[in-house]
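Q: Starting off with a structure, shown below.
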Amino acid sequence: MELGKHSALELADLIRRRQISVTEAVKDTLDQIDRQEKEIHAYLYIDKKNALARAKQVEKKIAAGDMKGPLAGVPVAVKDNICMKGGKTTCASKILENFVAPYNAHVIDRLEQAGMVILGKTNMDEFAMGSTTETSAYGVTRNPWNTGRVPGGSSGGSCAAVAAGEAFLALGSDTGGSIRQPSAFCGVTGLKPTYGTVSRYGLVAYASSLDQIGPIGKNTADCAAFLEVLSGHDEKDSTSVKREDLDFSSALGKEVRGMRIGVPKEFIGQGLQPAVRQAFMDAMKAFSGMGASVEFLSLKTVDYMIPAYYLIASAEASSNLERFDGVKYGRRAADCAGLHDMYRKTRTEGFGPEVKRRIMLGSFVLSSGYYEAYYLKALKTRALIRQDFDRAFADFDVLLAPAAPFTAPEIGSSLRDPLAMYLGDIHTVAANLCGLPALSLPCGRDESGLPIGLQIIGDCFQEKKILRAASAFEACRGAFSMAWEKEAD
Ligand SMILES: NC(=O)C[C@H](N)C(=O)O
């Protein structure tokens with residue numbers, strides 16, 4: 001079967017019309033995994049038995065008319081920082097290598113109610129700290145477009161799985177770009193929703209004021225449908241918002257004539273790879289060709305976004321990761337001389353270098369004497385960045401930016417220079433600092449054929465404006481995905 005060329009919604013439609021069964025869809029995807037996983041390593045665990053058993057259950061329910069959702073029967077991958085009852089959740093860290101989650105994350109319950117079939121858990125940067133998936137304690141994931149390149153991160157496994165046809169949809173989490181940047185590198189579409197739109201209950205916390213779960217798929221319509229499954233109020237997450245406007249798919253297929261689109265000129269300044277700049281300029285032209293007004297604006301706080309993000313994210317991480325001490329979760333070091341020795345040995349053995357770096361940075365900026373100079377300053381800066389965006393959204397419906405300044409780097413190159421890796425997040429971190437929704441979709445390819453991502457950022461709760469712009473862009477430029485793009489090479 002050649003199911004890989006279908007989107008998730010198309011697949012679900014074939015299932016509804018009984019042209020294929022859920023079991024066939026799941027088997028076909030598992031075959032694709034078997035063919036490619038050795039090379040790609042998108043997954044940390046694949047549970048074939050469970051997936052096939054679940055496929056049978058869903059099949060019966062669909063046949064009995066008890067399961068009617070638009071994504072029923074669709075095989076999906078889950079990032080390994082999202083808890084699934086009875087299964088391992090490692091966050092790609094040695095410290096959680098044996099941790100079995102005792103409960104389901106809210107989003108897992110949602111997926112199951114919608115009749116989706118979970119195939120396994122995907123690789124990621126350790127505790128979501130990184131931009132390449134190379135900080136995983138369990139090996140690198142390779143970019144399906146070019147296996148010498150990284151898939152981006154931290155949701156690199158999820159994006160690579162969708163790009164390689166090893167899942168029709170995937171769950172990611174985005175703290176500073178972790179859905180959008182790997183989506184850009186892997187040529188798929190990923191959406192970080194407004195903070196509070198999707199429950200974080202059962203997501204292992206990295207930086208709680210920034211983390212948000214979101215959908216990754218082959219195109220905008222799949223992401224919109226998946227977000228409808230995931231979103232909604234959850235009393236178990238105190239930051240979960242009550243929204244009435246969760247019919248995201250209603251925004252698709254509309255024209256953008258008259259839409260006001262802003263382009264922050266600081267985002268397309270120095271340091272952009274020429275092919276990224278070209279693809280971005282072409283996207284601007286495409287929007288104005290469709291009748292949108294496209295204008296430049298200035299965001300004065302751009303230089304402060306990376307420092308504010310890395311201080312706040314590391315501070316929150318140092319606090320959140322205190323709980324991994326060998327007592328409550330996962331790994332415990334052997335042969336320890338007392339409690340403090342056990343803490344020290346467990347954390348020394350269990351955390352990798354990037355996580356340690358952030359815990360040290362975060363503890364430093366929160367410590368007395370440095371709190372005001374660094375952490376408090378970062379919080380004030382965050383408020384100024386928010387004001388900058390408030391001004392922008394007074395004049396514009398959505399903002400356009402590249403999703404990343406460059407295409408996927410070579411495996412190994414970013415690990416040598418962590419600061420350069422941090423700077424690569426320049427286009428994505430502001431959306432998290434301000435709680436804004438933002439989407440990345442493919443907008444071109446560089447000279448070596450690697451995908452380039454276009455980012456569309458909206459004001460809080462304006463996912464529909466983003467989706468409207470994204471679907472219009474797709475309609476005029478074509479959504480692309482590995483399966484059929486590679487054939488055209
Ligand atoms: N988690 C993320 O959103 C990725 C970001 N590069 C970070 O390391 O914090």
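Here's how to read the names in the structure tokens: chain A, B, ... by the order shown, residue numbers from 1 in each chain, ligand numbers from 1 in the order shown.
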Considering only C-alpha atoms, return as a PyMOL selection string whatever protein or nucleic-acid residues lie within 9 Å of A:Thr141, sequence-local ones (same chain, fewer than 4 positions apart) excluded.
A: chain A and resi 39-43+123-124+132-134+136+147+150-151+156-157+160
Q: Write out as JSON lines a residue-level contact list of chain A versus ligand 1 with cut-off 9 Å: for each qualifying residue the closest pair of atoms and the distance in Å to one decimal, counting only C-alpha atoms and all ligand atoms, rows sorted by chain and residue number upward.
A:
{"residue": "A:Asp125", "atom": "CA", "partner": "ligand 1", "partner_atom_place_in_ligand_line": "8 (O)", "distance": 7.9}
{"residue": "A:Phe127", "atom": "CA", "partner": "ligand 1", "partner_atom_place_in_ligand_line": "1 (N)", "distance": 7.9}
{"residue": "A:Ala128", "atom": "CA", "partner": "ligand 1", "partner_atom_place_in_ligand_line": "1 (N)", "distance": 4.4}
{"residue": "A:Met129", "atom": "CA", "partner": "ligand 1", "partner_atom_place_in_ligand_line": "8 (O)", "distance": 3.8}
{"residue": "A:Gly130", "atom": "CA", "partner": "ligand 1", "partner_atom_place_in_ligand_line": "8 (O)", "distance": 3.7}
{"residue": "A:Ser131", "atom": "CA", "partner": "ligand 1", "partner_atom_place_in_ligand_line": "6 (N)", "distance": 4.3}
{"residue": "A:Thr132", "atom": "CA", "partner": "ligand 1", "partner_atom_place_in_ligand_line": "6 (N)", "distance": 8.0}
{"residue": "A:Gly152", "atom": "CA", "partner": "ligand 1", "partner_atom_place_in_ligand_line": "6 (N)", "distance": 8.9}
{"residue": "A:Gly153", "atom": "CA", "partner": "ligand 1", "partner_atom_place_in_ligand_line": "4 (C)", "distance": 6.2}
{"residue": "A:Ser154", "atom": "CA", "partner": "ligand 1", "partner_atom_place_in_ligand_line": "4 (C)", "distance": 5.2}
{"residue": "A:Ser155", "atom": "CA", "partner": "ligand 1", "partner_atom_place_in_ligand_line": "1 (N)", "distance": 8.0}
{"residue": "A:Ser173", "atom": "CA", "partner": "ligand 1", "partner_atom_place_in_ligand_line": "3 (O)", "distance": 7.1}
{"residue": "A:Asp174", "atom": "CA", "partner": "ligand 1", "partner_atom_place_in_ligand_line": "3 (O)", "distance": 4.4}
{"residue": "A:Thr175", "atom": "CA", "partner": "ligand 1", "partner_atom_place_in_ligand_line": "3 (O)", "distance": 3.5}
{"residue": "A:Gly176", "atom": "CA", "partner": "ligand 1", "partner_atom_place_in_ligand_line": "3 (O)", "distance": 3.3}
{"residue": "A:Gly177", "atom": "CA", "partner": "ligand 1", "partner_atom_place_in_ligand_line": "3 (O)", "distance": 4.2}
{"residue": "A:Ser178", "atom": "CA", "partner": "ligand 1", "partner_atom_place_in_ligand_line": "3 (O)", "distance": 3.6}
{"residue": "A:Ile179", "atom": "CA", "partner": "ligand 1", "partner_atom_place_in_ligand_line": "3 (O)", "distance": 7.0}
{"residue": "A:Arg180", "atom": "CA", "partner": "ligand 1", "partner_atom_place_in_ligand_line": "3 (O)", "distance": 8.6}
{"residue": "A:Gln181", "atom": "CA", "partner": "ligand 1", "partner_atom_place_in_ligand_line": "4 (C)", "distance": 8.4}
{"residue": "A:Tyr206", "atom": "CA", "partner": "ligand 1", "partner_atom_place_in_ligand_line": "1 (N)", "distance": 7.6}
{"residue": "A:Ala207", "atom": "CA", "partner": "ligand 1", "partner_atom_place_in_ligand_line": "1 (N)", "distance": 8.4}
{"residue": "A:Leu210", "atom": "CA", "partner": "ligand 1", "partner_atom_place_in_ligand_line": "3 (O)", "distance": 8.4}
{"residue": "A:Asp211", "atom": "CA", "partner": "ligand 1", "partner_atom_place_in_ligand_line": "3 (O)", "distance": 7.6}
{"residue": "A:Tyr309", "atom": "CA", "partner": "ligand 1", "partner_atom_place_in_ligand_line": "9 (O)", "distance": 8.0}
{"residue": "A:Tyr310", "atom": "CA", "partner": "ligand 1", "partner_atom_place_in_ligand_line": "9 (O)", "distance": 7.0}
{"residue": "A:Ala313", "atom": "CA", "partner": "ligand 1", "partner_atom_place_in_ligand_line": "9 (O)", "distance": 6.6}
{"residue": "A:Ser314", "atom": "CA", "partner": "ligand 1", "partner_atom_place_in_ligand_line": "9 (O)", "distance": 8.1}
{"residue": "A:Glu354", "atom": "CA", "partner": "ligand 1", "partner_atom_place_in_ligand_line": "8 (O)", "distance": 8.9}
{"residue": "A:Met421", "atom": "CA", "partner": "ligand 1", "partner_atom_place_in_ligand_line": "6 (N)", "distance": 7.6}
{"residue": "A:Tyr422", "atom": "CA", "partner": "ligand 1", "partner_atom_place_in_ligand_line": "6 (N)", "distance": 6.4}
{"residue": "A:Gly424", "atom": "CA", "partner": "ligand 1", "partner_atom_place_in_ligand_line": "6 (N)", "distance": 8.1}
{"residue": "A:Asp425", "atom": "CA", "partner": "ligand 1", "partner_atom_place_in_ligand_line": "6 (N)", "distance": 6.0}
{"residue": "A:Thr428", "atom": "CA", "partner": "ligand 1", "partner_atom_place_in_ligand_line": "3 (O)", "distance": 8.3}
{"residue": "A:Val429", "atom": "CA", "partner": "ligand 1", "partner_atom_place_in_ligand_line": "3 (O)", "distance": 7.6}
{"residue": "A:Asn432", "atom": "CA", "partner": "ligand 1", "partner_atom_place_in_ligand_line": "3 (O)", "distance": 8.4}
Q: Which is closer to A:Asn98 than all the others in A:Lys242, A:Gly65, A:Leu9, A:Lys328, using only C-alpha atoms?
A: A:Lys328
Q: Among the residues of stretch 87-137 of chain A, find those DSSP assigns to strand (DSSP E or B) from the backbone and print them as a PyMOL selection string.
A: chain A and resi 88+100+117-122
Q: Just how far from atom CA of A:Gly187 is atom CA of A:Lys218, in Å to one decimal?
A: 8.3 Å
Q: Using only C-alpha atoms, can you tell me which of A:Leu246, A:Ala283, A:Leu297, A:Ala225 comes closest to A:Ala470?
A: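 Under the stated criterion, the closest residue is A:Ala283.
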Q: Taking only C-alpha atoms into account, name the residue in A:Leu399, A:Val198, A:Leu96, A:Val74 that is nearest to A:Gly326.
A: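 The closest residue to A:Gly326 is A:Leu96.
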Q: Please indicate the distance in Å from atom CA of A:Ile466 to atom CA of A:Val256, rounded to one decimal place.
A: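 Distance reported for this atom pair: 10.5 Å.
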Q: Go ahead and compute the interatomic distance for atom CA of A:Ile457 and atom CA of A:Ala438, in Å to one decimal.
A: 4.2 Å
Q: So which residues touch A:Leu361 within 12 Å, counting only C-alpha atoms, skipping near sequence neighbours fewer than 5 positions away, as a PyMOL selection string?
A: chain A and resi 307+310-319+354-356+366-367+370-371+374-375
Q: Mind the document's chain letters and residue numbers, and return as a PyMOL selection string the residues of stretch 268-393 of chain A that DSSP labels helix (DSSP H, G or I).
A: chain A and resi 268+274-289+302-323+339-350+353-366+371-393
Q: Within 7 Å of stretch 381-388 of chain A, counting only C-alpha atoms, which residues qualify if same-chain residues fewer than 6 places away don't, as a list in words?
A: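 Here the answer would be Leu299, Thr301, Ala308, Leu433 and Cys434 of chain A.
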Q: Report as number ranges by chain all protein, DNA and RNA residues lying within 7 Å of A:Leu119, evaluated on only C-alpha atoms, omitting residues in the same chain fewer than 2 positions from it.
A: A: 46-48, 51, 75-77, 117
Q: Determine the nearest neighbour of A:Tyr195 from the options A:Met259, A:Thr239, A:Phe473, A:Asp80, counting only C-alpha atoms.
A: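 Selected residue with least distance to A:Tyr195: A:Thr239.
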